[in-house]
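Engineer: Okay, so here is structure_3.txt, and as you'll see once you scroll down, it has compact mmCIF, C-alpha atoms and all ligand atoms.
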# COMPACT_ATOMS: atom_id res chain seq x y z
CA MET A 1 273.17 -22.18 90.19
CA GLN A 2 271.89 -25.69 90.93
CA ALA A 3 271.57 -26.40 87.24
CA ALA A 4 275.22 -25.67 86.49
CA PRO A 5 276.65 -29.17 87.05
CA THR A 6 273.95 -30.69 84.84
CA HIS A 7 274.98 -28.75 81.78
CA PRO A 8 278.49 -30.14 81.12
CA ALA A 9 277.31 -33.63 82.03
CA ALA A 10 274.45 -33.48 79.55
CA HIS A 11 276.74 -31.98 76.96
CA ASN A 12 279.25 -34.81 77.37
CA ARG A 13 276.52 -37.39 77.13
CA GLY A 14 275.23 -35.71 74.01
CA MET A 15 278.68 -35.90 72.43
CA THR A 16 279.06 -39.57 73.40
CA LEU A 17 275.60 -40.51 72.24
CA ARG A 18 276.05 -39.24 68.73
CA LEU A 19 276.65 -42.82 67.60
CA LEU A 20 273.77 -44.23 69.62
CA PRO A 21 270.08 -44.46 68.62
CA GLY A 22 268.10 -41.23 68.34
CA ALA A 23 265.97 -41.83 71.44
CA ALA A 24 269.01 -41.71 73.71
CA LEU A 25 270.28 -38.56 72.02
CA PHE A 26 266.86 -36.97 72.47
CA THR A 27 267.07 -37.64 76.21
CA ALA A 28 270.45 -35.98 76.43
CA VAL A 29 269.30 -32.92 74.50
CA THR A 30 266.16 -32.62 76.62
CA LEU A 31 268.27 -32.59 79.74
CA THR A 32 270.39 -29.76 78.36
CA VAL A 33 267.41 -27.68 77.31
CA SER A 34 265.36 -28.19 80.44
CA ALA A 35 268.28 -27.05 82.57
CA GLN A 36 268.24 -23.68 80.76
CA VAL A 37 264.51 -22.81 80.79
CA PRO A 38 263.84 -20.01 83.31
CA ALA A 39 260.84 -20.06 85.60
CA PRO A 40 257.79 -18.53 83.87
CA ALA A 41 257.33 -14.84 84.57
CA ASN A 42 254.40 -13.69 86.67
CA PRO A 43 253.32 -10.18 87.68
CA GLU A 44 255.22 -10.33 90.94
CA THR A 45 258.54 -11.45 89.42
CA LEU A 46 258.13 -8.89 86.62
CA VAL A 47 257.59 -6.02 89.07
CA THR A 48 260.62 -7.20 91.06
CA ALA A 49 262.68 -7.29 87.86
CA ALA A 50 261.39 -3.84 86.95
CA LYS A 51 262.31 -2.46 90.36
CA ARG A 52 265.81 -3.89 89.99
CA ALA A 53 266.12 -2.40 86.48
CA ALA A 54 264.85 1.00 87.68
CA GLY A 55 267.34 1.27 90.52
CA ALA A 56 267.77 4.81 91.80
CA ASP A 57 268.02 6.20 88.25
CA HIS A 58 264.43 5.58 87.15
CA ALA A 59 262.59 5.37 90.47
CA GLY A 60 260.02 8.05 89.57
CA THR A 61 258.90 6.22 86.46
CA PHE A 62 258.85 2.89 88.29
CA LEU A 63 256.53 4.39 90.92
CA ARG A 64 254.24 5.81 88.28
CA ILE A 65 253.77 2.74 86.07
CA CYS A 66 254.69 -0.25 88.22
CA VAL A 67 253.30 0.63 91.67
CA ALA A 68 249.50 0.91 91.51
CA PRO A 69 249.45 2.21 87.92
CA ASP A 70 246.18 3.84 86.98
CA ASN A 71 244.25 3.89 83.75
CA LEU A 72 241.96 6.73 84.67
CA ASN A 73 243.42 9.51 82.51
CA ALA A 74 244.87 10.98 85.68
CA GLY A 75 247.61 12.78 83.76
CA GLY A 76 245.66 16.01 83.34
CA PRO A 77 243.47 17.51 80.63
CA ARG A 78 243.82 16.08 77.13
CA GLY A 79 243.99 17.86 73.84
CA GLY A 80 240.60 16.92 72.50
CA GLY A 81 238.38 18.97 74.73
CA PRO A 82 236.82 22.04 73.14
CA GLY A 83 236.42 25.46 74.70
CA PRO A 84 238.43 27.52 77.16
CA ARG A 85 240.17 25.99 80.12
CA ALA A 86 241.29 27.38 83.44
CA VAL A 87 244.96 28.39 83.43
CA PRO A 88 246.80 27.17 86.54
CA ASP A 89 248.60 29.69 88.70
CA ARG A 90 251.85 30.54 86.88
CA GLY A 91 253.82 30.07 90.07
CA THR A 92 253.02 26.35 89.99
CA TRP A 93 254.45 25.68 86.52
CA TYR A 94 256.63 28.48 85.13
CA ALA A 95 260.30 27.59 84.62
CA LYS A 96 263.06 29.76 83.19
CA PRO A 97 264.63 28.61 79.92
CA TYR A 98 268.07 27.01 80.04
CA LYS A 99 270.85 26.03 77.68
CA VAL A 100 271.45 22.41 78.71
CA PHE A 101 273.78 21.10 75.99
CA ASP A 102 275.75 22.98 73.33
CA ASN A 103 272.85 22.41 70.90
CA LEU A 104 269.85 21.63 73.16
CA TYR A 105 267.80 24.13 75.14
CA PHE A 106 265.11 23.50 77.77
CA ILE A 107 262.01 25.61 77.08
CA GLY A 108 259.52 23.60 79.14
CA THR A 109 257.64 24.07 82.39
CA ARG A 110 258.42 22.55 85.76
CA ILE A 111 256.11 19.68 84.79
CA HIS A 112 256.35 19.21 81.01
CA SER A 113 259.37 19.34 78.77
CA ALA A 114 259.83 21.19 75.51
CA TRP A 115 263.24 21.35 73.87
CA ALA A 116 264.92 23.30 71.08
CA LEU A 117 267.53 21.31 69.15
CA THR A 118 269.65 23.76 67.17
CA THR A 119 271.28 22.91 63.84
CA ASN A 120 273.14 24.89 61.18
CA ALA A 121 269.88 25.07 59.20
CA GLY A 122 267.37 26.04 61.88
CA ILE A 123 265.67 24.72 65.01
CA ILE A 124 263.86 21.46 65.70
CA VAL A 125 261.37 21.81 68.56
CA ILE A 126 260.55 18.66 70.51
CA ASP A 127 257.11 18.81 72.18
CA THR A 128 255.08 21.94 72.80
CA LEU A 129 253.31 22.08 76.21
CA PHE A 130 249.77 23.22 77.07
CA ASP A 131 248.49 26.29 75.22
CA TYR A 132 248.92 28.65 78.18
CA ALA A 133 252.68 27.91 78.36
CA ILE A 134 253.54 28.39 74.67
CA GLU A 135 254.18 32.14 74.71
CA PRO A 136 255.95 32.48 78.08
CA GLU A 137 258.03 29.31 77.87
CA MET A 138 258.64 28.59 74.19
CA ILE A 139 258.47 31.94 72.36
CA GLU A 140 259.85 34.17 75.12
CA GLY A 141 262.16 31.37 76.25
CA LEU A 142 263.82 31.05 72.84
CA THR A 143 264.19 34.82 72.61
CA THR A 144 265.72 35.03 76.10
CA LEU A 145 268.23 32.36 75.09
CA GLY A 146 269.23 34.36 72.01
CA LEU A 147 267.40 32.09 69.58
CA ASP A 148 264.86 33.21 66.99
CA PRO A 149 261.48 31.43 66.94
CA ARG A 150 261.30 32.21 63.20
CA ASP A 151 264.11 29.66 62.74
CA ILE A 152 261.88 26.77 63.87
CA LYS A 153 261.70 24.37 60.92
CA TYR A 154 260.20 21.25 62.52
CA VAL A 155 257.99 20.57 65.52
CA LEU A 156 258.14 16.97 66.71
CA ILE A 157 255.12 15.84 68.73
CA SER A 158 255.82 12.75 70.82
CA HIS A 159 252.10 12.04 71.15
CA ALA A 160 248.80 13.81 70.71
CA HIS A 161 247.87 14.73 74.27
CA GLY A 162 247.29 18.36 75.13
CA ASP A 163 250.22 18.64 77.53
CA HIS A 164 252.60 18.04 74.60
CA ASP A 165 250.87 19.17 71.43
CA GLN A 166 248.84 22.34 72.03
CA GLY A 167 251.63 24.57 70.72
CA ALA A 168 251.89 22.78 67.37
CA ALA A 169 249.24 24.78 65.51
CA LEU A 170 250.69 28.14 66.58
CA LEU A 171 254.27 27.27 65.60
CA GLN A 172 252.98 25.98 62.28
CA SER A 173 250.78 28.97 61.44
CA ARG A 174 253.05 31.71 62.79
CA TYR A 175 256.49 30.45 61.69
CA GLY A 176 255.72 27.93 58.96
CA ALA A 177 257.22 25.05 60.95
CA LYS A 178 256.39 21.52 59.76
CA VAL A 179 254.62 19.40 62.37
CA VAL A 180 255.75 15.77 62.66
CA MET A 181 253.44 13.29 64.41
CA GLY A 182 252.65 9.59 64.41
CA ALA A 183 250.09 8.75 61.71
CA ALA A 184 247.56 7.37 64.20
CA ASP A 185 247.85 10.48 66.38
CA TRP A 186 247.27 12.74 63.36
CA ASP A 187 244.01 10.88 62.80
CA ALA A 188 242.94 11.67 66.37
CA THR A 189 244.18 15.27 66.20
CA LEU A 190 242.32 16.11 63.01
CA GLN A 191 239.03 15.10 64.64
CA ARG A 192 239.35 17.86 67.25
CA ALA A 193 237.03 20.83 67.23
CA ALA A 194 238.58 24.02 65.85
CA SER A 195 237.94 25.57 69.29
CA ALA A 196 240.20 23.03 71.04
CA PRO A 197 242.86 24.70 73.21
CA GLY A 198 245.79 25.69 71.00
CA GLY A 199 243.79 25.05 67.82
CA VAL A 200 244.28 22.19 65.36
CA PRO A 201 247.44 21.92 63.23
CA LYS A 202 247.24 20.98 59.56
CA ARG A 203 248.62 17.56 58.70
CA ASP A 204 252.26 17.86 57.64
CA ILE A 205 254.46 14.80 58.21
CA ALA A 206 252.88 11.55 59.40
CA VAL A 207 255.24 8.86 60.70
CA GLY A 208 254.17 5.24 60.29
CA ARG A 209 255.34 2.07 62.02
CA GLU A 210 258.58 2.11 60.02
CA GLY A 211 259.74 5.35 61.69
CA LEU A 212 261.66 8.15 59.98
CA LYS A 213 265.13 9.63 59.90
CA LEU A 214 264.58 13.39 59.93
CA THR A 215 267.51 15.48 58.71
CA LEU A 216 267.89 19.24 59.20
CA GLY A 217 271.30 20.68 58.36
CA ASP A 218 273.91 18.88 60.45
CA ALA A 219 271.35 17.10 62.68
CA VAL A 220 269.59 13.77 62.21
CA VAL A 221 266.78 12.67 64.49
CA ASP A 222 266.01 8.97 64.36
CA ILE A 223 262.24 8.81 64.93
CA ILE A 224 261.02 5.46 66.28
CA ALA A 225 257.35 4.47 66.29
CA THR A 226 256.60 3.35 69.87
CA PRO A 227 252.83 2.80 70.05
CA GLY A 228 251.43 2.14 73.50
CA HIS A 229 250.75 5.30 75.48
CA THR A 230 248.86 6.41 72.36
CA PRO A 231 248.61 4.52 69.04
CA GLY A 232 250.90 7.05 67.34
CA THR A 233 253.48 7.68 70.07
CA LEU A 234 256.95 8.53 68.71
CA SER A 235 260.28 8.30 70.49
CA TYR A 236 263.59 9.77 69.34
CA PHE A 237 267.32 9.24 69.21
CA PHE A 238 269.53 12.22 68.41
CA PRO A 239 273.07 13.45 69.16
CA VAL A 240 273.79 16.36 71.47
CA LYS A 241 277.10 18.02 72.26
CA ASP A 242 278.46 18.54 75.74
CA ALA A 243 281.41 20.92 75.50
CA GLY A 244 282.09 19.48 72.07
CA ARG A 245 281.67 15.81 73.08
CA THR A 246 278.88 13.96 71.29
CA LEU A 247 276.34 12.08 73.42
CA ILE A 248 273.30 10.17 72.14
CA VAL A 249 269.90 10.96 73.66
CA ALA A 250 267.11 8.41 73.90
CA TYR A 251 263.85 10.36 74.26
CA SER A 252 260.88 8.35 75.50
CA GLY A 253 257.69 9.65 73.89
CA GLY A 254 254.95 8.25 76.13
CA THR A 255 254.90 6.72 79.57
CA ALA A 256 251.74 6.40 81.66
CA PHE A 257 249.25 3.55 81.27
CA ASN A 258 246.26 5.85 80.69
CA PHE A 259 244.87 3.86 77.77
CA PRO A 260 242.07 1.25 77.73
CA ARG A 261 243.08 -1.47 80.17
CA GLN A 262 243.29 -4.39 77.76
CA ALA A 263 245.95 -7.09 77.42
CA ALA A 264 246.53 -6.26 73.74
CA ASN A 265 247.34 -2.63 74.59
CA PHE A 266 249.87 -3.64 77.23
CA ALA A 267 251.47 -6.06 74.72
CA ILE A 268 251.87 -3.22 72.19
CA TYR A 269 253.37 -0.98 74.88
CA ARG A 270 255.72 -3.78 76.04
CA ASP A 271 256.95 -4.46 72.51
CA SER A 272 257.71 -0.77 71.96
CA GLN A 273 259.83 -0.71 75.12
CA ARG A 274 261.72 -3.78 73.94
CA LYS A 275 262.35 -2.09 70.61
CA MET A 276 263.69 0.99 72.43
CA THR A 277 266.00 -1.21 74.53
CA GLU A 278 267.50 -2.64 71.34
CA VAL A 279 267.87 0.71 69.58
CA ALA A 280 269.36 2.34 72.70
CA ASP A 281 271.94 -0.46 72.77
CA ALA A 282 272.75 -0.18 69.06
CA ALA A 283 272.93 3.63 69.21
CA GLY A 284 275.04 3.69 72.38
CA ALA A 285 272.63 6.13 74.03
CA THR A 286 273.90 7.48 77.35
CA VAL A 287 271.24 10.15 78.01
CA LEU A 288 267.63 9.27 78.84
CA MET A 289 265.02 11.95 78.36
CA SER A 290 261.26 11.99 78.72
CA ASN A 291 258.51 14.54 78.11
CA HIS A 292 257.45 14.79 81.77
CA THR A 293 260.03 16.18 84.16
CA GLU A 294 258.99 13.65 86.81
CA PHE A 295 260.39 10.87 84.61
CA ASP A 296 263.82 12.36 83.77
CA ARG A 297 264.18 15.17 86.35
CA ALA A 298 264.50 17.64 83.46
CA TYR A 299 263.70 20.71 85.55
CA ASP A 300 266.37 19.85 88.11
CA ARG A 301 268.95 18.67 85.60
CA ALA A 302 268.49 21.76 83.42
CA ARG A 303 269.34 23.93 86.41
CA ILE A 304 272.19 21.71 87.64
CA ALA A 305 273.66 21.93 84.13
CA GLN A 306 274.20 25.66 84.76
CA LEU A 307 276.70 24.99 87.57
CA PRO A 308 280.44 24.87 86.92
CA ARG A 309 281.82 21.34 86.79
CA ALA A 310 285.05 19.93 88.10
CA ALA A 311 287.46 18.45 85.54
CA GLY A 312 286.12 15.10 84.37
CA GLU A 313 282.73 15.60 86.05
CA LYS A 314 279.90 14.33 83.86
CA HIS A 315 277.00 16.36 82.56
CA PRO A 316 274.02 15.87 84.93
CA TYR A 317 272.10 14.09 82.14
CA GLU A 318 274.93 11.73 81.17
CA THR A 319 274.73 8.14 82.41
CA ASP A 320 275.77 5.06 80.45
CA THR A 321 274.09 2.83 77.90
CA ALA A 322 273.24 0.14 80.46
CA THR A 323 271.37 2.73 82.57
CA VAL A 324 269.42 3.95 79.53
CA MET A 325 268.57 0.37 78.56
CA ARG A 326 267.39 -0.36 82.12
CA TYR A 327 264.77 2.39 81.75
CA PHE A 328 263.15 0.61 78.82
CA GLU A 329 263.59 -2.86 80.38
CA MET A 330 261.79 -1.55 83.46
CA ALA A 331 258.94 -0.02 81.43
CA GLY A 332 258.56 -3.22 79.38
CA ASN A 333 258.42 -5.38 82.50
CA CYS A 334 255.84 -3.08 84.13
CA ALA A 335 253.64 -3.35 81.02
CA GLU A 336 254.03 -7.12 80.85
CA ALA A 337 253.06 -7.41 84.53
CA GLN A 338 249.84 -5.50 83.81
CA ARG A 339 249.17 -7.56 80.67
CA LEU A 340 249.26 -10.75 82.75
CA LEU A 341 247.03 -9.18 85.43
CA VAL A 342 244.25 -8.21 83.01
CA GLN A 343 244.35 -11.37 80.91
ZN ZN B 401 250.15 11.54 77.30
Since I need it in another form, could you write the structure as C-alpha cells?
Structural biologist:
Amino acid sequence: MQAAPTHPAAHNRGMTLRLLPGAALFTAVTLTVSAQVPAPANPETLVTAAKRAAGADHAGTFLRICVAPDNLNAGGPRGGGPGPRAVPDRGTWYAKPYKVFDNLYFIGTRIHSAWALTTNAGIIVIDTLFDYAIEPEMIEGLTTLGLDPRDIKYVLISHAHGDHDQGAALLQSRYGAKVVMGAADWDATLQRAASAPGGVPKRDIAVGREGLKLTLGDAVVDIIATPGHTPGTLSYFFPVKDAGRTLIVAYSGGTAFNFPRQAANFAIYRDSQRKMTEVADAAGATVLMSNHTEFDRAYDRARIAQLPRAAGEKHPYETDTATVMRYFEMAGNCAEAQRLLVQ
C-alpha cells in the first residue's frame, strides 16, 4: 500500500517529461516500474501463499505436499514390482459403488478413486486401482449400478503407478477397451515383467505433451499433459451433469512429490500446475477431483451425494472456479517452494 502514492506521481512526471531528454524520462519510468515489482518469493512466502490458496477446501493436499513433503515413495507399492503381493484386509479399503452425477459413477476404494463416465456410445473408465480391487470394485461395482462392463470403450490412466493402473490390462484383454496413457508412462509400463500385479497392457493410445481431446459419443474429455508426479502424468477436464445441469470437472492426475528430489523435476511439476490453473479458468471448472480420496474427499462426497438435497443446495462436489484454481495455485506454490529449497 505504501507504493500507491508513487504510481500516479511517476505517471504524471512521465507524461510531462515526454518533451524532455531521454535520461529524465528513463528516471520516471524506472520509478513506475520499481514501485510495482513484488518482493522475491522464497520457500516461506510460497508455503504461506499455498496455505492461503488451499484454505479449508484443499487442506488435505496442502498437508501432503507443502508440510514436510516426502520423496521416499511413501505412497504405497508401485506397479513395476513383479510377483504376488499381500492383499490388505478388505475391511480397510472396500467401498460400495455410487452414482455421483447423472453420468459419473464412483467405483473406487476408500483410498483410491476409479470412475465410470457414461456416454451414449459406451463407458469411459478413469483410473483402475490396485489389482486386488478390480473385480470387487470395478466389475461388480458397475454391475451393481446397472452398468455393463462390456460397454467400457476407453480406460484413461492418469499415471503409471500400481494404485491407478493395475486394472488396465484386464479391462483391455477382457472387454477390448482402449487404454490411454501418457507416452512417457507407456514407456515405463512396457518395461514391466509380465508377472507384474495386474499384468501389462498393450500400448494403445499414447498422449504426448500436446494433450488430446478424446471423444466418445456425446462426451469429450480434454486430456492435458501434466508431467511432474510422473513424466507421463495426464489430467482431465470433462463435463458432468447434476440433475441435468452441466458442471465442468478438473481432474488432477498426480499429486505427491515422490519423484527424484531435483530442482528440474519440481519446475516441471510447477509448470504443469500453472497450466492447469489456466485451463481450469478458461473451462470454467467448478468441480475438483483427484485420484486419491484424501485429496478430494471422494469417498465422503460420493456418499453425501446420495442424500436428498434442499432446493438450491449444491452438489457436494460443486464449488466455484476460483476454488478449483486455488487448488492448482497451491500445488504450484508448494512445488516452487521445494524447487528453491533443493537448488
Ligand atoms: Zn502415483
Engineer: Atom CA of A:Gly176 to atom CA of A:Gly122: how many Å, to one decimal?
Structural biologist: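 Here the two named atoms are 12.2 Å from each other.
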Engineer: Which residues, written as a ChimeraX atom specification, have at least one atom at most 12 Å from A:Ala282, with all atoms listed in the file counted and residues fewer than 3 positions away on the same chain left out?
Structural biologist: /A:237,248,250,275-279,285-286,321-322,324-325
Engineer: Give me, as a list in words, all polymer residues having an atom no more than 12 Å from A:Thr143, counting all atoms listed in the file and skipping those fewer than 4 positions away in the same chain.
Structural biologist: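 The neighbour list is Lys96, Pro97, Tyr98, Tyr105, Ile107, Ala116, Glu135, Pro136, Glu137, Met138, Ile139, Leu147, Asp148, Pro149, Arg150 and Asp151 of chain A.
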Engineer: Quick one: residues within 6 Å of A:Ser158, only C-alpha atoms, excluding same-chain residues fewer than 6 positions away - as a ChimeraX atom specification?
Structural biologist: /A:233-234,253
Engineer: Using only C-alpha atoms and all ligand atoms, determine which residues fall within 9 Å of ligand ZN 401 (chain B), then list them as a list in words.
Structural biologist: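 Taking only C-alpha atoms and all ligand atoms into account, the residues around ligand ZN 401 (chain B) at most 9 Å away are Asn73, Gly75, Gly76, Arg78, Ser158, His159, Ala160, His161, Gly162, Asp163, His164, His229, Thr230, Thr233, Gly253, Gly254, Thr255, Ala256, Phe257, Asn258 and Asn291 of chain A.
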Engineer: Which residues, written as a list in words, have at least one atom at most 8 Å from A:Phe62, with all atoms listed in the file counted and residues fewer than 4 positions away on the same chain left out?
Structural biologist: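 What passes the distance filter is Ala50, Lys51, Ala54, His58, Cys66, Val67, Met330, Ala331 and Cys334 of chain A.
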Engineer: Of the candidates A:Tyr154, A:Thr319, A:Asn42, A:Tyr299, which one gets nearest to A:Gln343 if we count all atoms listed in the file?
Structural biologist: A:Asn42
Engineer: What does the distance from atom CA of A:Tyr236 to atom CA of A:Leu63 come to in Å, to one decimal?
Structural biologist: 23.3 Å
Engineer: Smallest atom-to-atom distance to A:Asn120: which of A:Ala206, A:Met289, A:Val200, A:Ile152, using only C-alpha atoms?
Structural biologist: A:Ile152
Engineer: Let me make sure I understand: among A:Phe106, A:Phe238, A:Phe130, A:Tyr317, which one has the smallest atom-to-atom distance to A:Ala196 if we use all atoms listed in the file?
Structural biologist: A:Phe130
